[in-house]
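Participant: The following block contains the structure, expressed as structure tokens.
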Amino acid sequence: MCGIFGITHLTAQSLPINQYRSILKELFLFSESRGKEASGLALSTGERIHVLKGAVSASEFTKKPVFRAACAAISPYAIGHSRLVTNGNQLNEYNNQPVVKEGSVCVHNGIIVNDTSLWAQFHQLSRALEVDTEIIPTLFNHFYQMGFTEETSLAKVFSLIEGTASVAFFPQSSHSVILATNNGSLYYLRNEYFCVFASEEIILQRISRNHKVLRGPISQVSPQQAIHINNNNLADPLTFFKMTTNKNEAPLNRVPLGGTPKIHTITITNVSNHSKTPPQKTNTPISEGERTHYNREHVSVAKLKRCSRCVLPETMPFIRFDPSGVCNYCLNHVSQPIQGEEKLQQRVTPFHTKGRVNCLVTLSGGRDSSFGLHYVKNILKLNPVSYTYDWGMVTDLARRNQARLCGKLGIEHILVSADITKKRTNIRNNVLAWLKKPSLGTIPLFMAGDKQYFYYTNKIRKQLGLDLVFLCENMLENTGFKSGFCGIPPTFKRNHTYTLSLLNKLKMAFFYAQEYATNPAYLNSSLVDTMGAFVSYYFIPHNYINLFDYVPWDEKRIDATLAQYHWEKATDTNSTWRIGDGTAAFYNFIYYHIAGFTENDTFRSNQIREGMITREQAINTIAQENQPRFESIRWYCDTIGIDMRNTIETILKIPPLSQFK
């Protein structure tokens, strides 16, 4: 999730101050892609630890005079953090990292999903912060104070936590730094004089190219491995150990620690950065009376004419019915060809011998990509790296599920974080523009910010030198109606949305140009980002293996597999589809009110055509799935900074399609 990094001197070798500061600055800037919402640095001399942190990006952090002043002298140990906020508001200085707890200082990349239960289990320990990271140094100090060694104390911590954790910390117990990971999202470069570490190999490669003094081999800290760095041990300053616990190991009769390092913390503020944040809303929960009032479309929806074979209604773009009431989508349906798992095994066999990592798996945190990561690792026996593009609408639930999979499977997770504040501002601007002149065809503008996902997939693939990339896209989840509302007729081929013909791409561009011309509110800060999204989605190469071209999509199998990882479900729906996408509940509410159907109708209709479910089952299912997800809508409105009730009331005033009146 976040980016952690640092540099340690292994000998008395000195660096010019300007070069030392330059190395730290580059570590910050190269790690910024993993999180831009806060940043921090801890410098340790052993006797004293100097901590700087604040709710500013790494770019802003390194421009501060206090950063330059802190780097005026070379510290034996330095650890840093570039934060993507998952829990604990970054505007509360104590939630930002490095986290200081009982004389220990810690930076953490990942999400611990069971921190609440651990605090309850160790109720005698005191919790002071909102962030999950706090449990790591707290438990470590607890076990060390009981008399266990540092290695055993750390192993006990990692045996208890669930999720992902790559950490660097200054322990209260010694003048040193410890690196540890349970999923391998941690690399180090070591030469005779220095040890530099970061969350991604590419960061160290760039640092090494820029600074000859840091040339050396780059290695991965393997899952469940830790490194103890102590530059006072000149014989072997790096000690490697596996984090395994011995049930028979007894605590030592150690005298309790007498003193702890003196820790001085400075909080950096940046008013201009905060001013870029969309206005914050605190929308109160929807009452039962409001739920009934806002969910009044179900009576009208029931009156819509639907296909006699599937469940598509008469409001579906370009739909026609034959004399028997069967729609043209059913009459022209082409079954999805499944090439088979055996053929997939044959295709990936040559990659088994291609290095430590041999493929990339795109991971949204949704059910299909989560299952795909499991399948690639456990069934295909490949060694994948997972990748996520976080554009600000990846929910905390999705992030926790990503952590569950990567932590348990021991898989490195590369995360590219957009400028989330800017992305959310763009979404807000486009939603407010849309409310001024509603059009079903322009709803995808709310999601335009996520399309650079394809650009960064190709970039990471190239950086890692990988020829094998998995996309886990269920082709039954066809949402061609979104382009249909732009006037693009269906092709009835089982293609990806981004495989529109050139002519249809031009038609879509013309449609949006007209919408922009008639609604100037769309000419806002999002324009450049939207254009980039259009190019990323429709024009750059999409050379991936889609897992479900080979493996039959089986909802029961997928849900049962994910249950093994304690995969978390949403609280406002029984469905496991789209629950990691923070936009889905909002735009499906709009489609349901205006058109009388949602993505659920098209998905379940494809299942009917494939013989997976009956029409009666689909009718019963969509009746539940199309119920407004008010908790998720509330999260969405809070996140982009709009008033939920005013927005819903505005949507309900929009006239439905003529067939739906």
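Scheme for the structure tokens: letters A, B, ... for chains in order shown; per-chain residue numbers from 1; ligand numbers from 1 in order shown.
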Per residue of range 360-415 of chain A within 10 Å of range 553-566 of chain A, note the shortest atom pair and the distance in Å to one decimal, counting only C-alpha atoms, and order the rows by chain and increasing residue number, as JSON lines.

Facilitator:
{"residue": "A:Arg367", "atom": "CA", "partner": "A:Ile558", "partner_atom": "CA", "distance": 7.3}
{"residue": "A:Asp368", "atom": "CA", "partner": "A:Ile558", "partner_atom": "CA", "distance": 7.4}
{"residue": "A:Ser370", "atom": "CA", "partner": "A:Leu562", "partner_atom": "CA", "distance": 7.5}
{"residue": "A:Phe371", "atom": "CA", "partner": "A:Ile558", "partner_atom": "CA", "distance": 6.1}
{"residue": "A:Gly372", "atom": "CA", "partner": "A:Ile558", "partner_atom": "CA", "distance": 9.2}
{"residue": "A:His374", "atom": "CA", "partner": "A:Thr561", "partner_atom": "CA", "distance": 8.4}
{"residue": "A:Tyr375", "atom": "CA", "partner": "A:Thr561", "partner_atom": "CA", "distance": 9.5}
{"residue": "A:Asn401", "atom": "CA", "partner": "A:His566", "partner_atom": "CA", "distance": 8.5}
{"residue": "A:Arg404", "atom": "CA", "partner": "A:Tyr565", "partner_atom": "CA", "distance": 6.4}
{"residue": "A:Leu405", "atom": "CA", "partner": "A:Tyr565", "partner_atom": "CA", "distance": 6.6}
{"residue": "A:Gly407", "atom": "CA", "partner": "A:Tyr565", "partner_atom": "CA", "distance": 9.8}
{"residue": "A:Lys408", "atom": "CA", "partner": "A:Tyr565", "partner_atom": "CA", "distance": 7.5}
{"residue": "A:Leu409", "atom": "CA", "partner": "A:Tyr565", "partner_atom": "CA", "distance": 9.5}

Participant: Which residues come within 7 Å of range 40-48 of chain A, counting only C-alpha atoms, excluding same-chain residues fewer than 2 positions away, as a VMD selection string?

Facilitator: chain A and resid 50 to 54 75 to 82 97 to 98 175 261 to 263

Participant: Among range 363-549 of chain A, which ones does DSSP place in strand (DSSP E or B), written as a PyMOL selection string?

Facilitator: chain A and resi 384-390+394+413-417+469-471+545-546

Participant: Which polymer residues have any atom within 10 Å of an atom of Phe240 in chain A, counting only C-alpha atoms, with same-chain residues fewer than 6 positions away left out, as a PyMOL selection string?

Facilitator: chain A and resi 151+178-180+221+225-229

Participant: Output C-alpha atoms of each residue in that selection to a file, as a CSV table (one decimal), in the first residue's frame.

Facilitator:
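Here's the written file part.csv:
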chain,number,residue,atom,x,y,z
A,151,GLU,CA,13.9,-12.4,16.8
A,178,ILE,CA,14.9,-4.2,11.8
A,179,LEU,CA,13.4,-4.9,8.4
A,180,ALA,CA,10.7,-7.6,8.1
A,221,VAL,CA,13.5,-9.7,1.6
A,225,GLN,CA,12.1,-13.1,6.6
A,226,ALA,CA,13.6,-10.4,8.7
A,227,ILE,CA,17.0,-8.5,8.7
A,228,HIS,CA,18.5,-7.0,11.8
A,229,ILE,CA,20.9,-4.2,10.9

Participant: Show me, as a list in words, the residues that have an atom within 12 Å of Phe603 in chain A when counting only C-alpha atoms, minus same-chain residues fewer than 4 positions from it.

Facilitator: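 Listed by chain and then number, they are Cys310, Val311, Leu312, Asn474, Met475, Leu476, Glu477, Asn478, Thr479, Gly480, Phe481, Trp577, Arg578, Phe597, Thr598, Glu599, Gln607, Ile608, Arg609, Glu610, Met612, Ile613, Ala618, Ile619, Thr621, Ile622 and Glu625 of chain A.
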
Participant: Excluding range 164-168 of chain A and residues on its chain fewer than 5 positions from it, collect all residues at most 7 Å away from it, counting only C-alpha atoms, and give them as a PyMOL selection string.

Facilitator: chain A and resi 79+106-112+177-183+185-186+403-404+406-407

Participant: Run DSSP on the backbone and grab whatever in range 294-435 of chain A lands in alpha helix (DSSP H); send it over as a PyMOL selection string.

Facilitator: chain A and resi 294+298-301+328-331+341-348+367-374+396-409+420-435

Participant: For a quick check of understanding, using only C-alpha atoms, which of A:Arg306, A:Arg400, A:Lys281, A:Arg356 has the smallest distance to Asp643 in chain A?

Facilitator: A:Lys281

Participant: Using only C-alpha atoms, determine which residues lie at most 7 Å from Phe470 in chain A, disregarding the query and same-chain residues fewer than 4 positions distant; provide the list as a VMD selection string.

Facilitator: chain A and resid 360 to 362 544 to 547

Participant: Produce a file of the selected residues containing all heavy atoms, as a PDB file, in the first residue's frame.

Facilitator:
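Output contents, as saved in again_24.pdb:
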ATOM      1  N   LEU A 360       2.706 -11.111 -13.777  1.00  0.00           N
ATOM      2  CA  LEU A 360       2.039 -10.021 -13.075  1.00  0.00           C
ATOM      3  C   LEU A 360       0.549 -10.313 -13.056  1.00  0.00           C
ATOM      4  O   LEU A 360      -0.024 -10.707 -14.082  1.00  0.00           O
ATOM      5  CB  LEU A 360       2.303  -8.695 -13.800  1.00  0.00           C
ATOM      6  CG  LEU A 360       1.706  -7.426 -13.186  1.00  0.00           C
ATOM      7  CD1 LEU A 360       2.424  -7.073 -11.888  1.00  0.00           C
ATOM      8  CD2 LEU A 360       1.811  -6.256 -14.179  1.00  0.00           C
ATOM      9  N   VAL A 361      -0.079 -10.144 -11.895  1.00  0.00           N
ATOM     10  CA  VAL A 361      -1.529 -10.335 -11.768  1.00  0.00           C
ATOM     11  C   VAL A 361      -2.142  -9.016 -11.323  1.00  0.00           C
ATOM     12  O   VAL A 361      -1.770  -8.465 -10.281  1.00  0.00           O
ATOM     13  CB  VAL A 361      -1.879 -11.437 -10.752  1.00  0.00           C
ATOM     14  CG1 VAL A 361      -3.396 -11.578 -10.618  1.00  0.00           C
ATOM     15  CG2 VAL A 361      -1.265 -12.770 -11.170  1.00  0.00           C
ATOM     16  N   THR A 362      -3.054  -8.490 -12.117  1.00  0.00           N
ATOM     17  CA  THR A 362      -3.740  -7.258 -11.738  1.00  0.00           C
ATOM     18  C   THR A 362      -4.743  -7.572 -10.637  1.00  0.00           C
ATOM     19  O   THR A 362      -5.518  -8.520 -10.735  1.00  0.00           O
ATOM     20  CB  THR A 362      -4.449  -6.631 -12.943  1.00  0.00           C
ATOM     21  OG1 THR A 362      -5.372  -7.575 -13.496  1.00  0.00           O
ATOM     22  CG2 THR A 362      -3.447  -6.240 -14.011  1.00  0.00           C
ATOM     23  N   TYR A 544      -2.912  -9.142 -22.515  1.00  0.00           N
ATOM     24  CA  TYR A 544      -3.000  -9.903 -21.280  1.00  0.00           C
ATOM     25  C   TYR A 544      -3.640 -11.258 -21.541  1.00  0.00           C
ATOM     26  O   TYR A 544      -4.354 -11.453 -22.524  1.00  0.00           O
ATOM     27  CB  TYR A 544      -3.853  -9.167 -20.233  1.00  0.00           C
ATOM     28  CG  TYR A 544      -3.703  -7.672 -20.228  1.00  0.00           C
ATOM     29  CD1 TYR A 544      -4.788  -6.835 -20.432  1.00  0.00           C
ATOM     30  CD2 TYR A 544      -2.450  -7.087 -20.012  1.00  0.00           C
ATOM     31  CE1 TYR A 544      -4.647  -5.455 -20.432  1.00  0.00           C
ATOM     32  CE2 TYR A 544      -2.304  -5.711 -20.004  1.00  0.00           C
ATOM     33  CZ  TYR A 544      -3.405  -4.897 -20.224  1.00  0.00           C
ATOM     34  OH  TYR A 544      -3.254  -3.539 -20.231  1.00  0.00           O
ATOM     35  N   ILE A 545      -3.386 -12.164 -20.622  1.00  0.00           N
ATOM     36  CA  ILE A 545      -4.163 -13.403 -20.583  1.00  0.00           C
ATOM     37  C   ILE A 545      -5.346 -13.175 -19.654  1.00  0.00           C
ATOM     38  O   ILE A 545      -5.161 -12.772 -18.504  1.00  0.00           O
ATOM     39  CB  ILE A 545      -3.318 -14.582 -20.064  1.00  0.00           C
ATOM     40  CG1 ILE A 545      -2.297 -15.027 -21.104  1.00  0.00           C
ATOM     41  CG2 ILE A 545      -4.216 -15.768 -19.700  1.00  0.00           C
ATOM     42  CD1 ILE A 545      -1.465 -16.215 -20.668  1.00  0.00           C
ATOM     43  N   ASN A 546      -6.542 -13.381 -20.164  1.00  0.00           N
ATOM     44  CA  ASN A 546      -7.714 -13.313 -19.306  1.00  0.00           C
ATOM     45  C   ASN A 546      -7.966 -14.707 -18.738  1.00  0.00           C
ATOM     46  O   ASN A 546      -8.248 -15.651 -19.470  1.00  0.00           O
ATOM     47  CB  ASN A 546      -8.943 -12.828 -20.069  1.00  0.00           C
ATOM     48  CG  ASN A 546     -10.161 -12.708 -19.171  1.00  0.00           C
ATOM     49  OD1 ASN A 546     -10.033 -12.623 -17.948  1.00  0.00           O
ATOM     50  ND2 ASN A 546     -11.335 -12.722 -19.759  1.00  0.00           N
ATOM     51  N   LEU A 547      -7.853 -14.840 -17.431  1.00  0.00           N
ATOM     52  CA  LEU A 547      -7.973 -16.143 -16.782  1.00  0.00           C
ATOM     53  C   LEU A 547      -9.260 -16.850 -17.168  1.00  0.00           C
ATOM     54  O   LEU A 547      -9.277 -18.062 -17.415  1.00  0.00           O
ATOM     55  CB  LEU A 547      -7.920 -15.963 -15.261  1.00  0.00           C
ATOM     56  CG  LEU A 547      -8.007 -17.250 -14.435  1.00  0.00           C
ATOM     57  CD1 LEU A 547      -6.717 -18.053 -14.564  1.00  0.00           C
ATOM     58  CD2 LEU A 547      -8.291 -16.933 -12.973  1.00  0.00           C
TER      59      LEU A 547
END

Participant: Which residues are close to Thr499 in chain A, i.e. within 12 Å by only C-alpha atoms, leaving aside same-chain residues fewer than 6 positions away? Reply as an NGL selection string.

Facilitator: :A and (480 or 483 or 490-491 or 493 or 505 or 537-542)

Participant: Could the residues in this selection be written to a file with C-alpha atoms, as an mmCIF file, in the first residue's frame?

Facilitator:
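Generated output (part-v2.cif):
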data_model
loop_
_atom_site.group_PDB
_atom_site.id
_atom_site.type_symbol
_atom_site.label_atom_id
_atom_site.label_comp_id
_atom_site.auth_asym_id
_atom_site.auth_seq_id
_atom_site.Cartn_x
_atom_site.Cartn_y
_atom_site.Cartn_z
ATOM 1 C CA GLY A 480 -22.068 -2.479 -23.168
ATOM 2 C CA SER A 483 -21.702 2.864 -24.562
ATOM 3 C CA PRO A 490 -24.141 -3.443 -29.762
ATOM 4 C CA THR A 491 -22.004 -5.808 -31.839
ATOM 5 C CA LYS A 493 -19.747 -10.231 -29.903
ATOM 6 C CA LYS A 505 -14.577 5.160 -30.892
ATOM 7 C CA TYR A 537 -8.697 2.617 -22.309
ATOM 8 C CA TYR A 538 -9.200 2.623 -26.054
ATOM 9 C CA PHE A 539 -5.832 3.045 -27.724
ATOM 10 C CA ILE A 540 -2.895 1.558 -25.793
ATOM 11 C CA PRO A 541 -2.095 -2.175 -26.130
ATOM 12 C CA HIS A 542 -4.005 -4.615 -23.901
#

Participant: Give me, as a Markdown table, each residue of range 20-73 of chain A that comes within 10 Å of range 387-391 of chain A, together with its shortest interatomic pair and the distance in Å at one decimal, counting only C-alpha atoms, with rows ordered by chain and rising residue number.

Facilitator:
| residue | atom | partner | partner_atom | distance |
| --- | --- | --- | --- | --- |
| A:Ser33 | CA | A:Tyr389 | CA | 10.0 |
| A:Arg34 | CA | A:Asp390 | CA | 8.9 |
| A:Gly35 | CA | A:Asp390 | CA | 9.1 |

Participant: Could those residues be written to a file, using N, CA, C and O atoms, as a PDB file, in the first residue's frame?

Facilitator:
ATOM      1  N   SER A  33       4.873   7.315  -5.594  1.00  0.00           N
ATOM      2  CA  SER A  33       3.837   6.675  -6.402  1.00  0.00           C
ATOM      3  C   SER A  33       2.996   5.704  -5.587  1.00  0.00           C
ATOM      4  O   SER A  33       1.889   5.348  -5.981  1.00  0.00           O
ATOM      5  N   ARG A  34       3.489   5.288  -4.430  1.00  0.00           N
ATOM      6  CA  ARG A  34       2.757   4.339  -3.594  1.00  0.00           C
ATOM      7  C   ARG A  34       1.848   5.035  -2.575  1.00  0.00           C
ATOM      8  O   ARG A  34       1.118   4.366  -1.846  1.00  0.00           O
ATOM      9  N   GLY A  35       1.902   6.358  -2.511  1.00  0.00           N
ATOM     10  CA  GLY A  35       1.056   7.082  -1.574  1.00  0.00           C
ATOM     11  C   GLY A  35       1.466   8.540  -1.495  1.00  0.00           C
ATOM     12  O   GLY A  35       2.650   8.844  -1.333  1.00  0.00           O
TER      13      GLY A  35
END

Participant: Counting only C-alpha atoms, which residue out of A:Tyr144, A:Phe158, A:Tyr294, A:Tyr512 sits closest to Asn114 in chain A?

Facilitator: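 Closest residue, counting only C-alpha atoms: A:Phe158.
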
Participant: For CA of Gln346 in chain A and CA of Gln463 in chain A, determine how far apart the two atoms are, in Å to one decimal place.

Facilitator: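 CA of Gln463 in chain A lies 25.8 Å from CA of Gln346 in chain A.
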